[in-house]
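Student: Handing over protein04.tsv, TSV, C-alpha atoms.
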chain	number	residue	atom	x	y	z
R	19	MET	CA	-29.59	154.72	139.87
R	20	ALA	CA	-27.40	156.60	137.35
R	21	LYS	CA	-25.90	153.32	136.18
R	22	SER	CA	-29.38	151.86	135.71
R	23	ARG	CA	-30.45	154.84	133.61
R	24	LYS	CA	-27.28	154.56	131.53
R	25	ASN	CA	-27.93	150.87	130.87
R	26	THR	CA	-31.51	151.63	129.87
R	27	LEU	CA	-30.33	154.35	127.47
R	28	VAL	CA	-27.77	152.02	125.87
R	29	LEU	CA	-30.33	149.26	125.44
R	30	SER	CA	-32.82	151.73	123.94
R	31	ILE	CA	-30.26	152.94	121.42
R	32	LEU	CA	-29.34	149.38	120.46
R	33	PHE	CA	-32.99	148.40	120.05
R	34	PHE	CA	-34.42	151.49	118.38
R	35	GLY	CA	-31.35	152.68	116.48
R	36	PRO	CA	-31.65	150.31	113.48
R	37	LEU	CA	-35.43	150.87	113.34
R	38	LEU	CA	-35.05	154.66	113.33
R	39	PHE	CA	-32.38	154.47	110.63
R	40	TYR	CA	-34.65	152.26	108.52
R	41	LEU	CA	-37.57	154.67	108.92
R	42	PHE	CA	-35.24	157.53	108.04
R	43	LEU	CA	-34.41	155.80	104.76
R	44	LEU	CA	-38.05	155.26	103.95
R	45	THR	CA	-39.49	158.61	104.94
R	46	GLY	CA	-36.62	161.08	104.86
R	47	THR	CA	-36.08	163.77	102.29
R	48	ASN	CA	-32.29	163.51	102.18
R	49	ASN	CA	-30.49	163.17	98.86
R	50	PHE	CA	-29.13	159.65	99.33
R	51	ALA	CA	-27.32	157.89	96.50
R	52	LYS	CA	-29.79	156.08	94.29
R	53	LEU	CA	-29.23	152.48	93.28
R	54	PRO	CA	-28.02	152.58	89.66
R	55	VAL	CA	-30.00	151.20	86.74
R	56	LEU	CA	-27.79	148.52	85.17
R	57	THR	CA	-30.21	147.24	82.52
R	58	PRO	CA	-33.28	149.27	81.50
R	59	GLU	CA	-36.60	147.69	80.56
R	60	ILE	CA	-35.99	143.99	81.04
R	61	SER	CA	-38.62	141.48	79.91
R	62	ASP	CA	-41.78	140.99	81.96
R	63	VAL	CA	-43.15	137.62	83.14
R	64	LYS	CA	-46.75	138.19	82.05
R	65	ASP	CA	-46.53	135.47	79.39
R	66	PHE	CA	-45.39	132.81	81.85
R	67	SER	CA	-48.00	130.50	83.33
R	68	SER	CA	-48.83	130.86	87.01
R	69	LYS	CA	-51.67	130.47	89.48
R	70	ASP	CA	-51.89	134.24	89.87
R	71	SER	CA	-51.66	137.11	87.45
R	72	VAL	CA	-48.01	138.10	87.88
R	73	SER	CA	-46.20	141.07	86.39
R	74	LEU	CA	-42.97	142.87	87.24
R	75	LYS	CA	-44.41	146.14	85.97
R	76	ASN	CA	-45.52	148.54	88.73
R	77	ASN	CA	-43.96	146.34	91.41
R	78	ILE	CA	-40.65	146.28	93.22
R	79	SER	CA	-39.55	142.70	92.69
R	80	VAL	CA	-36.89	140.28	93.83
R	81	LEU	CA	-36.39	138.01	90.84
R	82	CYS	CA	-34.90	134.50	91.12
R	83	PHE	CA	-34.13	131.55	88.84
R	84	LEU	CA	-34.07	128.40	90.99
R	85	GLY	CA	-34.05	125.81	88.20
R	86	SER	CA	-35.82	122.52	87.59
R	87	ASP	CA	-34.11	120.98	90.64
R	88	LEU	CA	-35.21	123.88	92.83
R	89	LEU	CA	-35.48	121.82	96.02
R	90	LYS	CA	-31.69	121.38	95.88
R	91	HIS	CA	-31.46	125.15	96.02
R	92	LYS	CA	-34.21	125.85	98.52
R	93	THR	CA	-31.62	127.29	100.91
R	94	ASN	CA	-31.45	130.28	98.56
R	95	ALA	CA	-35.17	130.86	98.97
R	96	LEU	CA	-34.99	130.35	102.73
R	97	ASN	CA	-32.14	132.87	103.00
R	98	LEU	CA	-34.10	135.43	101.00
R	99	ASN	CA	-37.27	134.70	102.94
R	100	GLU	CA	-35.56	135.30	106.26
R	101	LYS	CA	-33.34	138.25	105.38
R	102	ILE	CA	-35.42	140.14	102.80
R	103	TYR	CA	-39.02	138.99	102.49
R	104	LYS	CA	-40.00	139.10	106.17
R	105	HIS	CA	-38.93	142.74	106.43
R	106	PHE	CA	-40.67	144.03	103.31
R	107	TYR	CA	-43.69	141.88	102.48
R	108	GLY	CA	-45.98	144.36	104.22
R	109	PHE	CA	-45.24	147.04	101.62
R	110	ASN	CA	-47.71	147.46	98.78
R	111	GLY	CA	-46.23	146.61	95.41
R	112	PHE	CA	-43.41	144.44	96.76
R	113	GLN	CA	-43.08	140.82	95.62
R	114	PHE	CA	-40.82	137.85	95.03
R	115	VAL	CA	-40.95	136.20	91.59
R	116	VAL	CA	-39.30	132.84	90.91
R	117	VAL	CA	-38.96	131.90	87.23
R	118	LEU	CA	-38.96	128.16	86.64
R	119	PRO	CA	-39.09	125.71	83.73
R	120	LYS	CA	-42.36	123.87	83.25
R	121	GLY	CA	-42.50	120.59	85.15
R	122	SER	CA	-41.39	122.22	88.41
R	123	GLU	CA	-44.90	123.02	89.60
R	124	ARG	CA	-45.10	120.32	92.28
R	125	ASP	CA	-41.71	121.17	93.77
R	126	ALA	CA	-42.68	124.85	93.75
R	127	GLU	CA	-45.79	124.06	95.80
R	128	GLN	CA	-43.67	122.13	98.30
R	129	LEU	CA	-41.17	124.95	98.60
R	130	LYS	CA	-43.90	127.52	99.09
R	131	LYS	CA	-45.32	125.44	101.95
R	132	GLU	CA	-41.91	125.36	103.61
R	133	LEU	CA	-41.51	129.10	103.19
R	134	GLY	CA	-44.99	129.62	104.62
R	135	ALA	CA	-44.18	127.78	107.83
R	136	THR	CA	-43.09	131.10	109.36
R	137	TYR	CA	-44.49	133.94	107.27
R	138	ASN	CA	-47.40	134.86	105.05
R	139	VAL	CA	-46.10	133.97	101.58
R	140	ASP	CA	-48.84	135.54	99.46
R	141	LYS	CA	-46.20	137.69	97.76
R	142	TRP	CA	-44.03	134.76	96.73
R	143	HIS	CA	-44.97	134.04	93.09
R	144	PHE	CA	-43.77	131.12	90.97
R	145	VAL	CA	-44.06	131.39	87.19
R	146	PHE	CA	-43.39	128.67	84.63
R	147	GLY	CA	-42.24	128.63	81.03
R	148	GLU	CA	-40.39	126.55	78.47
R	149	VAL	CA	-36.63	126.27	78.99
R	150	ALA	CA	-36.00	128.62	76.06
R	151	GLN	CA	-38.48	131.11	77.52
R	152	VAL	CA	-36.72	131.03	80.89
R	153	LYS	CA	-33.37	131.64	79.20
R	154	GLU	CA	-34.79	134.50	77.16
R	155	MET	CA	-36.08	136.09	80.35
R	156	PHE	CA	-32.71	135.66	82.04
R	157	ASP	CA	-30.82	137.01	79.03
R	158	SER	CA	-32.94	140.18	79.09
R	159	LEU	CA	-31.13	141.09	82.32
R	160	ASN	CA	-28.01	141.53	80.18
R	161	SER	CA	-25.80	140.50	83.09
R	162	THR	CA	-22.45	138.73	83.10
R	163	TYR	CA	-24.05	135.67	84.73
R	164	THR	CA	-25.33	132.50	83.09
R	165	LEU	CA	-27.94	129.85	83.78
R	166	ASP	CA	-26.79	126.27	84.25
R	167	ASP	CA	-28.25	123.27	82.38
R	168	TYR	CA	-31.15	123.17	84.85
R	169	SER	CA	-32.10	126.84	84.34
R	170	TYR	CA	-30.59	127.73	87.71
R	171	SER	CA	-28.69	130.80	88.82
R	172	PRO	CA	-27.54	131.48	92.40
R	173	TYR	CA	-28.21	135.20	91.92
R	174	ALA	CA	-31.27	137.15	93.03
R	175	PHE	CA	-32.04	140.40	91.23
R	176	ILE	CA	-33.76	143.65	92.19
R	177	VAL	CA	-36.19	144.97	89.56
R	178	ASP	CA	-37.95	148.29	89.99
R	179	ARG	CA	-41.46	149.34	88.99
R	180	GLU	CA	-40.34	150.42	85.49
R	181	LEU	CA	-38.74	147.02	84.73
R	182	ASN	CA	-35.23	148.32	85.31
R	183	LEU	CA	-32.59	146.00	86.77
R	184	ARG	CA	-30.98	147.75	89.72
R	185	GLY	CA	-27.59	146.96	91.21
R	186	ARG	CA	-24.20	148.40	92.09
R	187	ASN	CA	-21.59	149.97	89.84
R	188	ASP	CA	-18.78	150.40	92.35
R	189	GLU	CA	-17.95	146.81	93.18
R	190	GLU	CA	-14.19	146.29	92.92
R	191	ALA	CA	-14.52	142.52	93.20
R	192	ALA	CA	-17.30	142.26	90.61
R	193	GLU	CA	-16.67	141.78	86.93
R	194	ASP	CA	-16.52	145.15	85.12
R	195	GLY	CA	-17.17	146.79	88.49
R	196	LEU	CA	-20.88	145.97	88.24
R	197	LEU	CA	-22.96	143.93	90.65
R	198	TYR	CA	-26.02	142.80	88.70
R	199	GLY	CA	-27.36	140.36	91.27
R	200	TYR	CA	-26.80	139.05	94.78
R	201	ASN	CA	-25.57	135.54	95.49
R	202	ALA	CA	-28.44	134.07	97.48
R	203	GLU	CA	-26.33	131.06	98.45
R	204	SER	CA	-24.44	133.43	100.76
R	205	VAL	CA	-26.29	134.66	103.84
R	206	ALA	CA	-23.63	137.34	104.29
R	207	THR	CA	-24.20	138.76	100.79
R	208	VAL	CA	-27.96	138.85	101.23
R	209	HIS	CA	-27.71	140.37	104.70
R	210	GLN	CA	-24.90	142.86	104.12
R	211	GLU	CA	-25.59	144.02	100.56
R	212	MET	CA	-29.02	143.09	99.29
R	213	VAL	CA	-31.01	144.24	102.34
R	214	ASP	CA	-29.49	147.70	102.08
R	215	ASP	CA	-30.15	147.95	98.35
R	216	VAL	CA	-33.79	146.90	98.66
R	217	LYS	CA	-34.17	149.61	101.34
R	218	VAL	CA	-32.77	152.21	98.94
R	219	VAL	CA	-35.18	151.26	96.14
R	220	MET	CA	-38.08	151.32	98.60
R	221	ALA	CA	-36.99	154.74	99.85
R	222	GLU	CA	-36.74	156.06	96.28
R	223	TYR	CA	-40.30	154.95	95.64
R	224	ARG	CA	-41.61	156.52	98.84
R	225	LEU	CA	-39.86	159.81	98.11
R	226	ALA	CA	-41.25	159.79	94.56
R	227	LEU	CA	-44.76	159.34	95.95
R	228	LYS	CA	-44.25	162.25	98.32
R	229	LYS	CA	-42.95	164.45	95.50
R	230	ASN	CA	-45.90	163.59	93.26
R	231	LYS	CA	-48.36	164.45	96.03
R	232	ARG	CA	-46.69	167.82	96.56
R	233	GLU	CA	-46.87	168.59	92.85
R	234	ILE	CA	-50.56	167.74	92.50
For this file, write the structure as structure tokens.

Tutor:
Amino acid sequence: MAKSRKNTLVLSILFFGPLLFYLFLLTGTNNFAKLPVLTPEISDVKDFSSKDSVSLKNNISVLCFLGSDLLKHKTNALNLNEKIYKHFYGFNGFQFVVVLPKGSERDAEQLKKELGATYNVDKWHFVFGEVAQVKEMFDSLNSTYTLDDYSYSPYAFIVDRELNLRGRNDEEAAEDGLLYGYNAESVATVHQEMVDDVKVVMAEYRLALKKNKREI
């Protein structure tokens, strides 16, 4: 009987432990380390064409540049969909934004259908602009990364509600010690680094809302 209770306790800890830690991040009042702002006030995507009215302002966004041959890089989107999107799409003001060159509309529709095979993808947004417009948007991130000739980057970026690019400033392996974006080609990077950082930004926002309510 004692052994059975012990096994039940262990299983309960394994099952509920990560959930309780996640809720602690979102609702706690502890002074956790905030995710640094690496580039303030990047460009918005309001001037890009899209089916919906899309803006980075007042949203917590995962921003991607999948290029004109985006179906070759759909694994990036699938990784992000599985490791990030499915955990956070229920939060108000959270979205994914994929910036693409014009002419990619049909492939974007196909990719969105594939992503939607498992989850509600209403918060996946695809926006389209001229190649120069896409590059200008990417350059506003002021990162050490570059787009290739197809307007593609393997990196996904976290942008907060004030259009600030968030990332890490203690990465020994990263250039200049700064991690501007997360390599979405790597499941390990998305799972081990990006998930945690999205949680932190979400928690910051929740704590800010609580603080504002107390001050009213």

Student: In Å, with one decimal, what is the gap from atom CA of Tyr163 of chain R to atom CA of Asn182 of chain R?

Tutor: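 These two atoms are separated by 16.9 Å.
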
Student: Which one is closest to Leu133 of chain R: R:Asp65, R:Glu154, R:Glu148, R:Glu100? Count all atoms listed in the file.

Tutor: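 With all atoms listed in the file as the atom set, the closest residue is R:Glu100.
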
Student: Write out as a PyMOL selection string each polymer residue whose atoms come within 12 Å of Ile60 of chain R, counting all atoms listed in the file; drop sequence neighbours fewer than 5 positions from it.

Tutor: chain R and resi 55+73-75+81+154-161+175-184

Student: For those residues, write C-alpha atoms to a file as an mmCIF file, in the frame of the given file.

Tutor:
data_model
loop_
_atom_site.group_PDB
_atom_site.id
_atom_site.type_symbol
_atom_site.label_atom_id
_atom_site.label_comp_id
_atom_site.auth_asym_id
_atom_site.auth_seq_id
_atom_site.Cartn_x
_atom_site.Cartn_y
_atom_site.Cartn_z
ATOM 1 C CA VAL R 55 -30.000 151.200 86.740
ATOM 2 C CA SER R 73 -46.200 141.070 86.390
ATOM 3 C CA LEU R 74 -42.970 142.870 87.240
ATOM 4 C CA LYS R 75 -44.410 146.140 85.970
ATOM 5 C CA LEU R 81 -36.390 138.010 90.840
ATOM 6 C CA GLU R 154 -34.790 134.500 77.160
ATOM 7 C CA MET R 155 -36.080 136.090 80.350
ATOM 8 C CA PHE R 156 -32.710 135.660 82.040
ATOM 9 C CA ASP R 157 -30.820 137.010 79.030
ATOM 10 C CA SER R 158 -32.940 140.180 79.090
ATOM 11 C CA LEU R 159 -31.130 141.090 82.320
ATOM 12 C CA ASN R 160 -28.010 141.530 80.180
ATOM 13 C CA SER R 161 -25.800 140.500 83.090
ATOM 14 C CA PHE R 175 -32.040 140.400 91.230
ATOM 15 C CA ILE R 176 -33.760 143.650 92.190
ATOM 16 C CA VAL R 177 -36.190 144.970 89.560
ATOM 17 C CA ASP R 178 -37.950 148.290 89.990
ATOM 18 C CA ARG R 179 -41.460 149.340 88.990
ATOM 19 C CA GLU R 180 -40.340 150.420 85.490
ATOM 20 C CA LEU R 181 -38.740 147.020 84.730
ATOM 21 C CA ASN R 182 -35.230 148.320 85.310
ATOM 22 C CA LEU R 183 -32.590 146.000 86.770
ATOM 23 C CA ARG R 184 -30.980 147.750 89.720
#

Student: Counting only C-alpha atoms, find residues at most 12 Å from (-45.6, 140.3, 96.1) (file frame) and give them as a ChimeraX atom specification.

Tutor: /R:70-81,103-104,106-116,138-144

Student: Closest to Val216 of chain R among R:Lys64, R:Lys120, R:Arg186, R:Lys153, using all atoms listed in the file?

Tutor: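 Ranked by minimum distance to Val216 of chain R, first place goes to R:Arg186.
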
Student: Closest to Ser68 of chain R among R:Leu165, R:Val145, R:Val213, R:Val205, using all atoms listed in the file?

Tutor: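 Checking each of R:Leu165, R:Val145, R:Val213, R:Val205 against Ser68 of chain R, counting all atoms listed in the file, the winner is R:Val145.
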
Student: For Ala126 of chain R, work out the shell of residues within 10 Å, counting all atoms listed in the file and skipping chain neighbours fewer than 3 positions away, then give it as a PyMOL selection string.

Tutor: chain R and resi 84+86-89+92+116+118+121-123+129-132+143-146

Student: When you draw a straight line from atom CA of Ala202 of chain R to atom CA of Leu98 of chain R, how long is it in Å?

Tutor: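 A separation of 6.8 Å between them.
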
Student: Find the residues near Ala206 of chain R: any atom within 10 Å, counting all atoms listed in the file, skip ones fewer than 5 places away on the same chain, and give them as a PyMOL selection string.

Tutor: chain R and resi 97+101+201+211-212

Student: Nearest to Glu203 of chain R: which of R:Ala221, R:Val117, R:Leu227, R:Ala95 is it, counting only C-alpha atoms?

Tutor: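 Of all the options, R:Ala95 lies closest to Glu203 of chain R.
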
Student: Atom CA of Asp167 of chain R and atom CA of Gln210 of chain R, how far apart in Å?

Tutor: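 Between these atoms lies a distance of 29.5 Å.
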
Student: Nearest to Leu96 of chain R among R:Tyr170, R:Tyr137, R:Tyr198, R:Tyr223, with distances taken over only C-alpha atoms: which residue is it?

Tutor: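 Closest to Leu96 of chain R, using only C-alpha atoms: R:Tyr137.
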
Student: Of the residues R:Glu127, R:Leu197, R:Lys90, R:Asp214, which is the one nearest to Lys69 of chain R, using all atoms listed in the file?

Tutor: R:Glu127
